[in-house]
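Input: a single structure, listed below in structure tokens.
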Amino acid sequence: MKTILLPFLTFSESAQGRVVPPSGFTARLTVLTAAAMAFLAVFALALSLATGRLAERWGNELARASTVRISAPEDQVDAQIKAALDVLNTTPGVASARVLSRDEEMALLEPWFGPSLPVDTLPLPALIEVIETAEGYDGEGLRLRLAGEAPGAVLDDHSRWRRPLIKAASRLRFLGYVSLILIAGVTAGMITLAANAALAANAQVIRTLRLVGATDSYIARAFERRFTLRGFTGAVIGAFFGTVAVALLPSAQLEGGFLTGLGFSGLQWFWPCVIPPLAGFVAFLATRFAALQTLRRLM
Amino acid sequence: MIEFHDAGYGYGGRELLTEMTLSLAPGSFHFLTGPSGTGKTTFLKLCYRELQATAGRVSILGQDTRDMGRDEVAQLRRKIGVVHQDCQFLDHLSLGENVALPLTVADRPRDDQDLVDLLAWVGLTEQIKAKPPELSGGERQRAALARAVIMSPDVILADEPTGNVDWEMSLRLLQLLIELNRMGKTVVIATHDMHLIRQAKSQVPARVLRISNRRIQQAGADL
């Protein structure tokens, strides 16, 4: 009776799976290890995906928007705004340029100073929002032209603070992926140790199986089945609780910054489903490696 | 069937068996005798390639055992039935499953009626669902014999099969081995029980191989 347990593992439940005696303690330890690792893997995955989203968002949104700030004596402000707009509207790579209204400026300042800020009494500079085309503009050329036409205009293309933020988000994403690899490595190591212990404890069983003509691959498969099942089962439990824990994190809010945006978005919620089969595969490979190494040492 | 050509085996610089040249013909019945510790078990292990000769050549069923791969050894063991004094079973499986183990590992289908008939032949039908620790010494030996023959091997090697059982059970086991020999199987029994050898020689043309001074000798009809 052939049964497909996982795409990479086929076994005969009625016979091969039963030649290795059940072992309660190592079984529970392997399940526990796989569950803990899967739980951590869900968080590493959530971190990687969230920082990936963040880097992409900052990259896309901020890269195409910039600001021109006009700081000039009050009687020259309007003239310099007009001059700056003329420059911007005739600059290749600028899709649009518009002056932010007082309300919009107040909305920008509200998170820091609250809603009751008397904007009218403050010497705030005028702000021009510049939206780039896909090709973008020549920043240095635009700065020189603005300096000539509107001396009080300062172009801020956000790159000074955008780049380190994107770099930080990318590094976090990379660290998340490294964590996933480390988790897989630790899982493989733990299962190899558990498989070695099981093989040592079942030396008599292995001798008997070899006496009656079992090949190394047959014996290895009997152990692979056990540990693959344990790894898979533990990972299902760990991934489930990990996903629930991620779902219970506070949802993304403007006030909380990116920390409250950790988690999955849309179809990304299906990614934790990949962890159990992967854990099973790691357990399968680790056990196969341990079993074949051990069996080769035996005559 | 089994041929030794100037074969020997040593371990850790010490020679246990040396200069063995002999041929066991198909369908023959041999006793292997000699004092304890002279190398009877080692000789049998060379016969089913649990050990590899360190000198000379050993051929089993026409296969030179020197350069066999691990899978080839496994295939060879499916053609050789081995009965040990300390019968090795998988204690978590039933007697029936243990006896059918050679079929299981060879991925061959098991005919339950054949299994029942085999257990009836060794007188263990009632114990088919029992676990090995529940069996007596004699029952374990008979179960080991049933497991050894379930693949219908050409050769049956028994290492002190009557060492742990009383005389009555010894005779019963011997009778089963004689029956197998009459069915054309080559039988080799390692024992130092001279009464058993005499009992067998009264029924079958058994030959005796004696290990002495690390060498194997044909004892002929002097027993």
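By order in the structure tokens, chains are A, B, ...; within a chain, residues start at 1; ligands start at 1, following the order shown.
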- Message: Taking 2 positions as the minimum chain separation for residues in the same chain, which residues sit within 10 Å of Val122 in chain B when counting only C-alpha atoms? Answer as a ChimeraX atom specification.
- Response: /B:117-120,124-125,139,141-146,172-173,176
Selection file, all heavy atoms, as a short mmCIF file (atom, residue, chain, number, x, y, z; two decimals), in the first residue's frame:
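Result written to again_27.cif:
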data_model
loop_
_atom_site.label_atom_id
_atom_site.label_comp_id
_atom_site.auth_asym_id
_atom_site.auth_seq_id
_atom_site.Cartn_x
_atom_site.Cartn_y
_atom_site.Cartn_z
N ASP B 117 0.52 -21.25 7.16
CA ASP B 117 1.02 -22.61 6.89
C ASP B 117 2.44 -22.77 7.42
O ASP B 117 2.79 -23.80 7.99
CB ASP B 117 1.00 -22.89 5.38
CG ASP B 117 -0.42 -23.01 4.85
OD1 ASP B 117 -1.35 -23.15 5.68
OD2 ASP B 117 -0.62 -22.95 3.62
N LEU B 118 3.25 -21.71 7.21
CA LEU B 118 4.64 -21.77 7.67
C LEU B 118 4.69 -21.86 9.19
O LEU B 118 5.46 -22.65 9.76
CB LEU B 118 5.40 -20.53 7.17
CG LEU B 118 6.86 -20.42 7.58
CD1 LEU B 118 7.69 -21.58 7.03
CD2 LEU B 118 7.46 -19.11 7.08
N LEU B 119 3.86 -21.04 9.85
CA LEU B 119 3.84 -21.07 11.31
C LEU B 119 3.28 -22.40 11.82
O LEU B 119 3.71 -22.91 12.87
CB LEU B 119 3.01 -19.90 11.86
CG LEU B 119 3.66 -18.53 11.69
CD1 LEU B 119 2.73 -17.42 12.19
CD2 LEU B 119 4.98 -18.45 12.45
N ALA B 120 2.37 -23.00 11.07
CA ALA B 120 1.86 -24.32 11.45
C ALA B 120 2.98 -25.36 11.34
O ALA B 120 3.09 -26.27 12.18
CB ALA B 120 0.69 -24.70 10.54
N LEU B 124 3.63 -22.85 15.51
CA LEU B 124 3.44 -21.56 16.20
C LEU B 124 2.19 -20.81 15.72
O LEU B 124 2.12 -19.59 15.85
CB LEU B 124 4.67 -20.67 16.00
CG LEU B 124 5.96 -21.10 16.68
CD1 LEU B 124 7.12 -20.21 16.24
CD2 LEU B 124 5.82 -21.04 18.20
N THR B 125 1.22 -21.52 15.21
CA THR B 125 0.03 -20.86 14.68
C THR B 125 -0.68 -20.03 15.75
O THR B 125 -1.13 -18.92 15.50
CB THR B 125 -0.96 -21.90 14.12
OG1 THR B 125 -0.21 -22.87 13.40
CG2 THR B 125 -1.99 -21.28 13.21
N GLU B 139 10.20 -21.53 21.29
CA GLU B 139 9.29 -20.86 20.33
C GLU B 139 10.06 -19.81 19.52
O GLU B 139 9.85 -19.67 18.31
CB GLU B 139 8.13 -20.20 21.08
CG GLU B 139 7.12 -21.21 21.61
CD GLU B 139 6.09 -20.60 22.55
OE1 GLU B 139 6.40 -19.56 23.18
OE2 GLU B 139 4.99 -21.17 22.67
N GLN B 141 13.24 -19.91 18.80
CA GLN B 141 14.10 -20.59 17.82
C GLN B 141 13.30 -21.05 16.61
O GLN B 141 13.75 -20.94 15.48
CB GLN B 141 14.78 -21.80 18.49
CG GLN B 141 15.90 -21.44 19.45
CD GLN B 141 17.10 -20.83 18.75
OE1 GLN B 141 17.14 -20.72 17.54
NE2 GLN B 141 18.08 -20.40 19.52
N ARG B 142 12.11 -21.57 16.87
CA ARG B 142 11.28 -22.04 15.74
C ARG B 142 10.81 -20.85 14.89
O ARG B 142 10.73 -20.95 13.67
CB ARG B 142 10.09 -22.85 16.28
CG ARG B 142 10.50 -24.27 16.66
CD ARG B 142 9.33 -25.07 17.15
NE ARG B 142 9.00 -24.71 18.54
CZ ARG B 142 7.78 -24.77 19.05
NH1 ARG B 142 6.75 -25.08 18.29
NH2 ARG B 142 7.57 -24.44 20.31
N ALA B 143 10.51 -19.75 15.59
CA ALA B 143 10.11 -18.55 14.83
C ALA B 143 11.27 -18.04 13.97
O ALA B 143 11.08 -17.65 12.82
CB ALA B 143 9.67 -17.46 15.80
N ALA B 144 12.49 -18.11 14.54
CA ALA B 144 13.67 -17.68 13.78
C ALA B 144 13.86 -18.57 12.56
O ALA B 144 14.24 -18.11 11.47
CB ALA B 144 14.90 -17.71 14.67
N LEU B 145 13.59 -19.85 12.74
CA LEU B 145 13.72 -20.78 11.60
C LEU B 145 12.67 -20.46 10.53
O LEU B 145 12.97 -20.46 9.33
CB LEU B 145 13.57 -22.22 12.11
CG LEU B 145 13.75 -23.32 11.07
CD1 LEU B 145 15.14 -23.23 10.44
CD2 LEU B 145 13.58 -24.71 11.71
N ALA B 146 11.45 -20.19 10.99
CA ALA B 146 10.39 -19.83 10.03
C ALA B 146 10.77 -18.57 9.28
O ALA B 146 10.58 -18.48 8.05
CB ALA B 146 9.07 -19.63 10.78
N ARG B 172 13.25 -31.47 17.77
CA ARG B 172 12.19 -30.92 16.91
C ARG B 172 12.77 -29.94 15.88
O ARG B 172 12.41 -29.98 14.70
CB ARG B 172 11.15 -30.22 17.79
CG ARG B 172 9.90 -29.87 17.04
CD ARG B 172 8.80 -29.50 17.98
NE ARG B 172 7.65 -29.02 17.21
CZ ARG B 172 6.61 -28.44 17.76
NH1 ARG B 172 6.53 -28.30 19.05
NH2 ARG B 172 5.61 -28.03 16.99
N LEU B 173 13.66 -29.09 16.36
CA LEU B 173 14.31 -28.15 15.45
C LEU B 173 15.15 -28.89 14.41
O LEU B 173 15.15 -28.54 13.22
CB LEU B 173 15.21 -27.19 16.24
CG LEU B 173 14.48 -26.06 16.97
CD1 LEU B 173 15.40 -25.41 18.00
CD2 LEU B 173 14.02 -24.99 15.97
N LEU B 176 13.06 -30.21 11.70
CA LEU B 176 12.65 -29.18 10.73
C LEU B 176 13.77 -28.88 9.74
O LEU B 176 13.54 -28.75 8.53
CB LEU B 176 12.26 -27.89 11.48
CG LEU B 176 11.01 -27.95 12.35
CD1 LEU B 176 10.89 -26.69 13.21
CD2 LEU B 176 9.76 -28.11 11.49
#
Output as a PDB file with N, CA and C atoms, in the first residue's frame the set of chain A residues within 9 Å of chain B, with distances taken over only C-alpha atoms.
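Output contents, as saved in part_19.pdb:
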ATOM      1  N   ALA A  15       3.882  -1.511   6.225  1.00  0.00           N
ATOM      2  CA  ALA A  15       5.059  -2.296   6.553  1.00  0.00           C
ATOM      3  C   ALA A  15       6.256  -1.436   6.916  1.00  0.00           C
ATOM      4  N   GLN A  16       6.744  -0.701   5.938  1.00  0.00           N
ATOM      5  CA  GLN A  16       8.010   0.010   6.135  1.00  0.00           C
ATOM      6  C   GLN A  16       7.948   0.988   7.296  1.00  0.00           C
ATOM      7  N   ARG A  18       6.486   0.731   9.941  1.00  0.00           N
ATOM      8  CA  ARG A  18       6.357   0.130  11.272  1.00  0.00           C
ATOM      9  C   ARG A  18       7.610  -0.591  11.728  1.00  0.00           C
ATOM     10  N   VAL A  19       8.616  -0.727  10.858  1.00  0.00           N
ATOM     11  CA  VAL A  19       9.779  -1.520  11.276  1.00  0.00           C
ATOM     12  C   VAL A  19      10.603  -0.813  12.355  1.00  0.00           C
ATOM     13  N   VAL A  20      10.469   0.511  12.431  1.00  0.00           N
ATOM     14  CA  VAL A  20      11.172   1.233  13.491  1.00  0.00           C
ATOM     15  C   VAL A  20      10.216   1.393  14.673  1.00  0.00           C
ATOM     16  N   PRO A  21      10.645   0.982  15.871  1.00  0.00           N
ATOM     17  CA  PRO A  21       9.732   1.084  17.010  1.00  0.00           C
ATOM     18  C   PRO A  21       9.417   2.528  17.361  1.00  0.00           C
ATOM     19  N   PRO A  22       8.233   2.770  17.885  1.00  0.00           N
ATOM     20  CA  PRO A  22       7.891   4.142  18.272  1.00  0.00           C
ATOM     21  C   PRO A  22       8.763   4.588  19.445  1.00  0.00           C
ATOM     22  N   GLN A 204      20.033  -2.429  17.417  1.00  0.00           N
ATOM     23  CA  GLN A 204      19.613  -3.833  17.345  1.00  0.00           C
ATOM     24  C   GLN A 204      18.581  -4.041  16.227  1.00  0.00           C
ATOM     25  N   VAL A 205      17.670  -3.096  16.112  1.00  0.00           N
ATOM     26  CA  VAL A 205      16.659  -3.175  15.037  1.00  0.00           C
ATOM     27  C   VAL A 205      17.351  -3.143  13.680  1.00  0.00           C
ATOM     28  N   ARG A 207      20.430  -4.006  12.982  1.00  0.00           N
ATOM     29  CA  ARG A 207      21.149  -5.280  12.757  1.00  0.00           C
ATOM     30  C   ARG A 207      20.189  -6.354  12.262  1.00  0.00           C
ATOM     31  N   THR A 208      19.014  -6.404  12.893  1.00  0.00           N
ATOM     32  CA  THR A 208      18.027  -7.419  12.498  1.00  0.00           C
ATOM     33  C   THR A 208      17.538  -7.186  11.074  1.00  0.00           C
ATOM     34  N   LEU A 209      17.283  -5.926  10.756  1.00  0.00           N
ATOM     35  CA  LEU A 209      16.807  -5.610   9.405  1.00  0.00           C
ATOM     36  C   LEU A 209      17.851  -5.975   8.354  1.00  0.00           C
ATOM     37  N   ARG A 210      19.103  -5.696   8.675  1.00  0.00           N
ATOM     38  CA  ARG A 210      20.160  -6.021   7.708  1.00  0.00           C
ATOM     39  C   ARG A 210      20.333  -7.529   7.582  1.00  0.00           C
ATOM     40  N   LEU A 211      20.133  -8.221   8.681  1.00  0.00           N
ATOM     41  CA  LEU A 211      20.265  -9.684   8.654  1.00  0.00           C
ATOM     42  C   LEU A 211      19.254 -10.300   7.687  1.00  0.00           C
ATOM     43  N   VAL A 212      18.060  -9.712   7.624  1.00  0.00           N
ATOM     44  CA  VAL A 212      17.031 -10.295   6.764  1.00  0.00           C
ATOM     45  C   VAL A 212      17.026  -9.662   5.371  1.00  0.00           C
ATOM     46  N   GLY A 213      18.056  -8.874   5.050  1.00  0.00           N
ATOM     47  CA  GLY A 213      18.214  -8.413   3.670  1.00  0.00           C
ATOM     48  C   GLY A 213      17.731  -7.009   3.380  1.00  0.00           C
ATOM     49  N   ALA A 214      17.578  -6.176   4.420  1.00  0.00           N
ATOM     50  CA  ALA A 214      17.150  -4.786   4.163  1.00  0.00           C
ATOM     51  C   ALA A 214      18.325  -3.975   3.619  1.00  0.00           C
ATOM     52  N   THR A 215      18.062  -3.186   2.618  1.00  0.00           N
ATOM     53  CA  THR A 215      19.118  -2.311   2.078  1.00  0.00           C
ATOM     54  C   THR A 215      19.223  -1.060   2.953  1.00  0.00           C
ATOM     55  N   ASP A 216      20.341  -0.352   2.799  1.00  0.00           N
ATOM     56  CA  ASP A 216      20.531   0.889   3.572  1.00  0.00           C
ATOM     57  C   ASP A 216      19.409   1.880   3.274  1.00  0.00           C
ATOM     58  N   SER A 217      19.033   1.974   2.000  1.00  0.00           N
ATOM     59  CA  SER A 217      18.012   2.979   1.664  1.00  0.00           C
ATOM     60  C   SER A 217      16.661   2.609   2.268  1.00  0.00           C
ATOM     61  N   TYR A 218      16.381   1.308   2.382  1.00  0.00           N
ATOM     62  CA  TYR A 218      15.126   0.878   3.009  1.00  0.00           C
ATOM     63  C   TYR A 218      15.104   1.302   4.488  1.00  0.00           C
ATOM     64  N   ILE A 219      16.221   1.020   5.177  1.00  0.00           N
ATOM     65  CA  ILE A 219      16.285   1.354   6.602  1.00  0.00           C
ATOM     66  C   ILE A 219      16.224   2.875   6.777  1.00  0.00           C
ATOM     67  N   ARG A 296      26.505   3.518   6.922  1.00  0.00           N
ATOM     68  CA  ARG A 296      27.783   3.224   6.246  1.00  0.00           C
ATOM     69  C   ARG A 296      28.866   2.866   7.259  1.00  0.00           C
ATOM     70  N   MET A 299      28.981  -2.331   9.590  1.00  0.00           N
ATOM     71  CA  MET A 299      29.411  -3.315   8.572  1.00  0.00           C
ATOM     72  C   MET A 299      28.191  -3.889   7.887  1.00  0.00           C
TER      73      MET A 299
END
- Residue list (alpha helix (DSSP H), DSSP) for range 41-208 of chain B, as a PyMOL selection string: chain B and resi 41-47+70-77+95-99+101-105+112-121+137-149+167-182+194-201
- List the neighbours of range 149-156 of chain A out to 7 Å using only C-alpha atoms; skip same-chain residues closer than 3 positions along the sequence, and give me the result as a PyMOL selection string. chain A and resi 66-72+80+83-84+143+145-146
Written file, previous selection with C-alpha atoms, as a PDB file, in the first residue's frame:
ATOM      1  CA  SER A  66      10.197  66.229  -3.986  1.00  0.00           C
ATOM      2  CA  THR A  67       9.681  69.640  -2.472  1.00  0.00           C
ATOM      3  CA  VAL A  68      10.812  73.167  -3.249  1.00  0.00           C
ATOM      4  CA  ARG A  69      10.898  75.376  -0.179  1.00  0.00           C
ATOM      5  CA  ILE A  70      10.698  79.184  -0.682  1.00  0.00           C
ATOM      6  CA  SER A  71      12.258  81.183   2.144  1.00  0.00           C
ATOM      7  CA  ALA A  72      12.244  84.819   1.160  1.00  0.00           C
ATOM      8  CA  GLN A  80       9.800  83.844  -6.150  1.00  0.00           C
ATOM      9  CA  ALA A  83       9.625  82.224 -10.802  1.00  0.00           C
ATOM     10  CA  ALA A  84      10.149  78.794  -9.245  1.00  0.00           C
ATOM     11  CA  ARG A 143      19.081  73.447  -8.387  1.00  0.00           C
ATOM     12  CA  ARG A 145      18.317  77.094 -12.439  1.00  0.00           C
ATOM     13  CA  LEU A 146      16.326  77.716  -9.245  1.00  0.00           C
TER      14      LEU A 146
END
